[in-house]
Structure formats: structure tokens, C-alpha cells
Amino acid sequence: MDLEAVRTFVAVAESGQFQRAAVDLSVTQQAVSKRVAALESDLGVRLFTRAARGAELTIDGQAFLPHARELLRVAERAGESVRPGRRPLRVDVIASRSAQSRLMRAFHRAFPEIALDVVMLFDIDKAVSALRSGAIDASFRAVAAPGRPLPEDIEAVRVLDEPLQLLTGPGHALADARSVTLAELTGHRIWMPGIAPGTEWGAYYDDLVAAFGLTIEATGPNFGSDALLDTIADTPALATFMGEHTRLIWPADHGLRRIPVTDPTPVYPHSLLWHRDNPHPALATLRTHLAAVTAGSDAVGTWTPAWTLPGDVR
């Protein structure tokens, strides 16, 4: 259905005159008549009758009017959903309880007037494709995974280094330690189901294992964080890594311990990615906000893979 014809029909119905509708729409009266005639032909009914006072709606015209108005409202909402500056800023994060989500919650508190859509894509390839197509405006990722440099039209800046912590149950040999070194973790089983080969986080943990001789097991199905926490609590031989800013809640009787890792502290490097030509005005606001809240220097005594995007962060 021709939306211009529908819009013209509504203008005539509201003004009661073809001539007045033509003035309101900045077109000729002949154009108004042609649009209404085309709409009547499509619908197979008469929408107006000519009267001394102007154009009056027929019974079919009266029945069609509320639907015509709704069509125009839907069309306007459809346009706003994709129009930069009016549609929500779409940002990709890895998980809802991650440090990236924490950064976005802080951004929302600082700028509540900016509408947000937060999505979760699987890996950096999907995120880059979505950035290039305009499906999303920004993505938080570890950049750049080995052998997969970013395309020239994708820009990135490192915004947060998140220290890893060791999570153990109460029966683990390291459960009472105030901190552990990476050397002390040698020989301990670190269980992390869900590490997918070829992803940026898979590359991160592969390099961590190679650098420090750790034993990280990604075996078994990934049933989510609740199942992981249950298993760690009940299995003294297992521990897992968790980001310092990851927000997880578990039953008090689990007795789980979050233990800082030191000498050096492995940190996960979060970067913000965006398309160079993205016009959404809120994207610049997000970048400025992140620069203000995460600006700093690389900490001494930390470890990141050699392929990590350089940058001054904290």
C-alpha cells in the first residue's frame, strides 16, 4: 500500500477538503485527487463523496481512517528505529554479568536520556560483521586475536583491563589463601567449560596456558554460571577463573572463595570497537565517557597476551 496515498487520504479526511489537504502536503490539488483515486482503486471502495462543504468520508472511508492513522504511526516508528540519533544505541557485550555490562550500566546511569539496546553476539567475527553492516554501533572485545587483524574500517581502543581471580570451593587446597601466584597454580585443574576454539577469549586462555604452564580444562557441556558454581563448590579438585568485575551470586552454603592472582596478575583486555563511518551521535558520547572513567596507565605486574591492542588503560 502506497504510504503517500494513505497520508494524503488522512490529510483530506482531517481537513475535509482536497484543496486544503494539497496546501498542507505542499502538492497540487490534482496530485491529491490522483493519490486518493489510486488508493480507492487498490481498496476497491469509495472513500469520499463530494459535498457542498467539501469531501465527506463514506462508511468505508470512516472504517479505514483509524487503520490509516495506525499505518502512518507504524511507518514513523519503523523509520525512527533505524534513524541515527533517534534509534537506540546498539552495543554488543559478551555476557549480561560481565565487566562490559558493568561499564554500560554506568554509562546508562550517567546518560539516562540515551536509549540503549544491549545485545550479546558470540565472537569477534560476528561482532565485526554486525559493525560493518550497521546492525550494532559498538562492541566490547579483546583485540586483536592472532591472525585476524581488524578491517581498516573498524576502529578500536582498549578501555579496561580486568584482573582475573581464582574461584574455589571451601575444600580446595588453595581455599584459605589470601592470594595465589600463577606459579602456585601449576598442577591445579582450572575448569572453564564454554571456551570455544577460534574465539578471542579462547586465544587469551591458550596464551595464558602456554606462558605459565597452567592446566585449563574446557571439557563438558556449558550449562551456564549456576551449574559451574555448583560444581566448583562441590569438587575440591576444581577451580575456575573469574573476572574481578563479573557479578555472580551463589547460595551462602556454597562457601566459594574469590582469590586474587598475582606475580603477575593476568588481566583480560576489554576494547571498544566501532565502524569508522558510524553516524550515531551517542557513539561519540559513549567513547568520551569510557575515556573519562577508564583512563590510566598499564599496571606494572600484570600480564596480557602479546597480541593485545596497546593502550593506556586501568
# chains A, B, ... in the order shown; residues from 1 in each chain; ligands from 1

$ select_by_dssp --residues "stretch 6-166 of chain A" --states "alpha helix (DSSP H)" --output "number ranges by chain"
A: 6-15, 18-25, 29-43, 59-82, 99-110, 124-133

$ closest_atom_pairs --of "stretch 65-132 of chain A" --to "stretch 268-271 of chain A" --cutoff "12 Å" --atoms "only C-alpha atoms" --output "JSON lines"
{"residue": "A:Asp92", "atom": "CA", "partner": "A:Ser271", "partner_atom": "CA", "distance": 11.6}
{"residue": "A:Val93", "atom": "CA", "partner": "A:His270", "partner_atom": "CA", "distance": 10.2}
{"residue": "A:Ile94", "atom": "CA", "partner": "A:His270", "partner_atom": "CA", "distance": 10.4}
{"residue": "A:Ser98", "atom": "CA", "partner": "A:His270", "partner_atom": "CA", "distance": 10.7}
{"residue": "A:Ala99", "atom": "CA", "partner": "A:His270", "partner_atom": "CA", "distance": 8.6}
{"residue": "A:Gln100", "atom": "CA", "partner": "A:His270", "partner_atom": "CA", "distance": 7.7}
{"residue": "A:Ser101", "atom": "CA", "partner": "A:His270", "partner_atom": "CA", "distance": 11.5}
{"residue": "A:Leu103", "atom": "CA", "partner": "A:His270", "partner_atom": "CA", "distance": 10.6}
{"residue": "A:Ile124", "atom": "CA", "partner": "A:Ser271", "partner_atom": "CA", "distance": 11.3}

$ atom_distance --atom1 "atom CA of A:Val91" --atom2 "atom CA of A:Trp201"
18.6 Å

$ residues_around --residues "A:Gly194" --least-positions-apart "2" --cutoff "10 Å" --atoms "only C-alpha atoms" --output "list in words"
Trp191, Met192, Ala196, Pro197, Gly202, Glu217, Ala218, Thr219, Gly220, Pro221, Asn222, Phe223 and Gly224 of chain A

$ atom_distance --atom1 "atom CA of A:Leu167" --atom2 "atom CA of A:Thr246"
11.6 Å

$ select_by_dssp --residues "stretch 50-245 of chain A" --states "strand (DSSP E)" --output "NGL selection string"
:A and (50-51 or 54-57 or 89-92 or 116-119 or 138-141 or 154-168 or 180-181 or 189-191 or 215-217 or 238-243)

$ closest_residue --among "A:Ala115, A:Ala142, A:Leu65, A:Ala177" --to "A:Arg158" --atoms "only C-alpha atoms"
A:Ala142

$ residues_around --residues "A:Arg7" --least-positions-apart "3" --cutoff "10 Å" --atoms "only C-alpha atoms" --output "PyMOL selection string"
chain A and resi 2-4+10-13+21+25+35-36+68-69+71-72

$ write_last_selection --atoms "all heavy atoms" --output "JSON list (two decimals), in the first residue's frame"
[["chain", "number", "residue", "atom", "x", "y", "z"],
["A", 2, "ASP", "N", 0.57, 2.17, -0.87],
["A", 2, "ASP", "CA", 1.35, 3.40, -1.01],
["A", 2, "ASP", "C", 1.13, 4.30, 0.22],
["A", 2, "ASP", "O", 0.02, 4.83, 0.42],
["A", 2, "ASP", "CB", 0.93, 4.11, -2.30],
["A", 2, "ASP", "CG", 1.76, 5.36, -2.57],
["A", 2, "ASP", "OD1", 2.56, 5.75, -1.70],
["A", 2, "ASP", "OD2", 1.59, 5.93, -3.66],
["A", 3, "LEU", "N", 2.17, 4.49, 1.01],
["A", 3, "LEU", "CA", 2.02, 5.27, 2.23],
["A", 3, "LEU", "C", 1.73, 6.74, 1.94],
["A", 3, "LEU", "O", 1.04, 7.41, 2.73],
["A", 3, "LEU", "CB", 3.28, 5.16, 3.08],
["A", 3, "LEU", "CG", 3.46, 3.84, 3.84],
["A", 3, "LEU", "CD1", 4.78, 3.83, 4.59],
["A", 3, "LEU", "CD2", 2.30, 3.64, 4.82],
["A", 4, "GLU", "N", 2.23, 7.26, 0.82],
["A", 4, "GLU", "CA", 1.92, 8.65, 0.46],
["A", 4, "GLU", "C", 0.44, 8.80, 0.16],
["A", 4, "GLU", "O", -0.18, 9.82, 0.51],
["A", 4, "GLU", "CB", 2.78, 9.10, -0.72],
["A", 4, "GLU", "CG", 4.23, 9.37, -0.35],
["A", 4, "GLU", "CD", 4.35, 10.39, 0.77],
["A", 4, "GLU", "OE1", 3.67, 11.43, 0.73],
["A", 4, "GLU", "OE2", 5.12, 10.12, 1.73],
["A", 10, "VAL", "N", -5.53, 10.64, 4.79],
["A", 10, "VAL", "CA", -5.72, 11.14, 6.16],
["A", 10, "VAL", "C", -5.79, 12.66, 6.16],
["A", 10, "VAL", "O", -6.60, 13.27, 6.87],
["A", 10, "VAL", "CB", -4.59, 10.63, 7.08],
["A", 10, "VAL", "CG1", -4.66, 11.30, 8.45],
["A", 10, "VAL", "CG2", -4.67, 9.12, 7.24],
["A", 11, "ALA", "N", -4.95, 13.30, 5.35],
["A", 11, "ALA", "CA", -4.96, 14.77, 5.29],
["A", 11, "ALA", "C", -6.30, 15.28, 4.77],
["A", 11, "ALA", "O", -6.84, 16.28, 5.29],
["A", 11, "ALA", "CB", -3.82, 15.25, 4.38],
["A", 12, "VAL", "N", -6.87, 14.64, 3.76],
["A", 12, "VAL", "CA", -8.18, 15.06, 3.25],
["A", 12, "VAL", "C", -9.25, 14.82, 4.30],
["A", 12, "VAL", "O", -10.14, 15.66, 4.54],
["A", 12, "VAL", "CB", -8.51, 14.32, 1.94],
["A", 12, "VAL", "CG1", -9.93, 14.65, 1.49],
["A", 12, "VAL", "CG2", -7.50, 14.65, 0.85],
["A", 13, "ALA", "N", -9.18, 13.66, 4.96],
["A", 13, "ALA", "CA", -10.19, 13.33, 5.97],
["A", 13, "ALA", "C", -10.17, 14.34, 7.11],
["A", 13, "ALA", "O", -11.22, 14.73, 7.63],
["A", 13, "ALA", "CB", -9.95, 11.92, 6.50],
["A", 21, "ALA", "N", -6.01, 19.98, 1.85],
["A", 21, "ALA", "CA", -5.03, 18.90, 2.01],
["A", 21, "ALA", "C", -3.83, 19.14, 1.10],
["A", 21, "ALA", "O", -2.68, 18.87, 1.48],
["A", 21, "ALA", "CB", -5.67, 17.56, 1.70],
["A", 25, "LEU", "N", 0.02, 19.45, 2.39],
["A", 25, "LEU", "CA", 1.04, 18.50, 1.92],
["A", 25, "LEU", "C", 2.03, 19.12, 0.93],
["A", 25, "LEU", "O", 2.98, 18.45, 0.50],
["A", 25, "LEU", "CB", 0.35, 17.30, 1.24],
["A", 25, "LEU", "CG", -0.54, 16.43, 2.15],
["A", 25, "LEU", "CD1", -1.30, 15.42, 1.30],
["A", 25, "LEU", "CD2", 0.29, 15.73, 3.21],
["A", 35, "ARG", "N", -3.84, 10.60, -5.96],
["A", 35, "ARG", "CA", -3.44, 9.69, -4.88],
["A", 35, "ARG", "C", -4.65, 9.03, -4.24],
["A", 35, "ARG", "O", -4.66, 7.82, -3.98],
["A", 35, "ARG", "CB", -2.64, 10.44, -3.82],
["A", 35, "ARG", "CG", -1.26, 10.88, -4.27],
["A", 35, "ARG", "CD", -0.57, 11.67, -3.17],
["A", 35, "ARG", "NE", 0.71, 12.21, -3.62],
["A", 35, "ARG", "CZ", 1.50, 12.97, -2.84],
["A", 35, "ARG", "NH1", 1.12, 13.28, -1.60],
["A", 35, "ARG", "NH2", 2.64, 13.42, -3.31],
["A", 36, "VAL", "N", -5.68, 9.82, -3.99],
["A", 36, "VAL", "CA", -6.89, 9.26, -3.38],
["A", 36, "VAL", "C", -7.55, 8.28, -4.34],
["A", 36, "VAL", "O", -8.01, 7.20, -3.93],
["A", 36, "VAL", "CB", -7.86, 10.39, -2.98],
["A", 36, "VAL", "CG1", -9.22, 9.80, -2.57],
["A", 36, "VAL", "CG2", -7.28, 11.22, -1.86],
["A", 68, "ALA", "N", -5.67, 3.69, 8.76],
["A", 68, "ALA", "CA", -4.74, 4.52, 8.00],
["A", 68, "ALA", "C", -3.83, 5.30, 8.96],
["A", 68, "ALA", "O", -2.61, 5.40, 8.74],
["A", 68, "ALA", "CB", -5.51, 5.47, 7.10],
["A", 69, "ARG", "N", -4.43, 5.86, 10.01],
["A", 69, "ARG", "CA", -3.61, 6.58, 11.00],
["A", 69, "ARG", "C", -2.60, 5.65, 11.67],
["A", 69, "ARG", "O", -1.44, 6.03, 11.90],
["A", 69, "ARG", "CB", -4.52, 7.22, 12.03],
["A", 69, "ARG", "CG", -5.29, 8.43, 11.51],
["A", 69, "ARG", "CD", -6.33, 8.91, 12.49],
["A", 69, "ARG", "NE", -6.91, 10.18, 12.08],
["A", 69, "ARG", "CZ", -8.12, 10.60, 12.45],
["A", 69, "ARG", "NH1", -8.88, 9.82, 13.23],
["A", 69, "ARG", "NH2", -8.57, 11.77, 12.03],
["A", 71, "LEU", "N", -1.31, 2.94, 10.34],
["A", 71, "LEU", "CA", -0.28, 2.66, 9.35],
["A", 71, "LEU", "C", 0.80, 3.75, 9.36],
["A", 71, "LEU", "O", 1.99, 3.46, 9.31],
["A", 71, "LEU", "CB", -0.90, 2.56, 7.95],
["A", 71, "LEU", "CG", -1.55, 1.23, 7.56],
["A", 71, "LEU", "CD1", -2.27, 1.39, 6.23],
["A", 71, "LEU", "CD2", -0.50, 0.13, 7.46],
["A", 72, "LEU", "N", 0.38, 4.99, 9.42],
["A", 72, "LEU", "CA", 1.33, 6.10, 9.42],
["A", 72, "LEU", "C", 2.15, 6.11, 10.71],
["A", 72, "LEU", "O", 3.36, 6.42, 10.69],
["A", 72, "LEU", "CB", 0.60, 7.43, 9.24],
["A", 72, "LEU", "CG", -0.15, 7.60, 7.91],
["A", 72, "LEU", "CD1", -0.84, 8.95, 7.86],
["A", 72, "LEU", "CD2", 0.81, 7.44, 6.73]]

$ closest_residue --among "A:Ala51, A:Ala38, A:Leu43, A:Val159" --to "A:Val293" --atoms "only C-alpha atoms"
A:Val159

$ atom_distance --atom1 "atom CA of A:Ile216" --atom2 "atom CA of A:Trp303"
17.0 Å

$ residues_around --residues "stretch 127-133 of chain A" --least-positions-apart "5" --cutoff "8 Å" --atoms "only C-alpha atoms" --output "MDAnalysis selection string"
chainID A and resid 92 121:122 138:139 153:154 274:275

$ residues_around --residues "A:Val180" --least-positions-apart "6" --cutoff "9 Å" --atoms "only C-alpha atoms" --output "list in words"
Leu166, Leu174, Ile259, Pro260, Val261, Thr262 and Asp263 of chain A

$ write_last_selection --atoms "N, CA, C and O atoms" --output "PDB file, in the first residue's frame"
ATOM      1  N   LEU A 166      40.899 -16.284  41.059  1.00  0.00           N
ATOM      2  CA  LEU A 166      40.657 -17.714  41.159  1.00  0.00           C
ATOM      3  C   LEU A 166      39.425 -17.938  42.025  1.00  0.00           C
ATOM      4  O   LEU A 166      39.306 -17.354  43.104  1.00  0.00           O
ATOM      5  N   LEU A 174      43.710 -24.430  47.898  1.00  0.00           N
ATOM      6  CA  LEU A 174      44.069 -23.009  47.963  1.00  0.00           C
ATOM      7  C   LEU A 174      42.955 -22.147  48.540  1.00  0.00           C
ATOM      8  O   LEU A 174      43.055 -20.921  48.518  1.00  0.00           O
ATOM      9  N   ILE A 259      39.796 -15.404  44.984  1.00  0.00           N
ATOM     10  CA  ILE A 259      41.171 -15.207  45.441  1.00  0.00           C
ATOM     11  C   ILE A 259      41.957 -14.434  44.383  1.00  0.00           C
ATOM     12  O   ILE A 259      42.023 -14.855  43.216  1.00  0.00           O
ATOM     13  N   PRO A 260      42.567 -13.308  44.732  1.00  0.00           N
ATOM     14  CA  PRO A 260      43.378 -12.561  43.766  1.00  0.00           C
ATOM     15  C   PRO A 260      44.559 -13.390  43.261  1.00  0.00           C
ATOM     16  O   PRO A 260      45.152 -14.174  44.013  1.00  0.00           O
ATOM     17  N   VAL A 261      44.882 -13.207  41.981  1.00  0.00           N
ATOM     18  CA  VAL A 261      46.025 -13.886  41.364  1.00  0.00           C
ATOM     19  C   VAL A 261      47.122 -12.852  41.134  1.00  0.00           C
ATOM     20  O   VAL A 261      46.852 -11.750  40.635  1.00  0.00           O
ATOM     21  N   THR A 262      48.357 -13.207  41.484  1.00  0.00           N
ATOM     22  CA  THR A 262      49.451 -12.239  41.438  1.00  0.00           C
ATOM     23  C   THR A 262      50.689 -12.832  40.760  1.00  0.00           C
ATOM     24  O   THR A 262      50.738 -14.009  40.433  1.00  0.00           O
ATOM     25  N   ASP A 263      51.650 -11.943  40.576  1.00  0.00           N
ATOM     26  CA  ASP A 263      53.040 -12.302  40.201  1.00  0.00           C
ATOM     27  C   ASP A 263      53.148 -13.120  38.915  1.00  0.00           C
ATOM     28  O   ASP A 263      53.714 -14.215  38.931  1.00  0.00           O
TER      29      ASP A 263
END
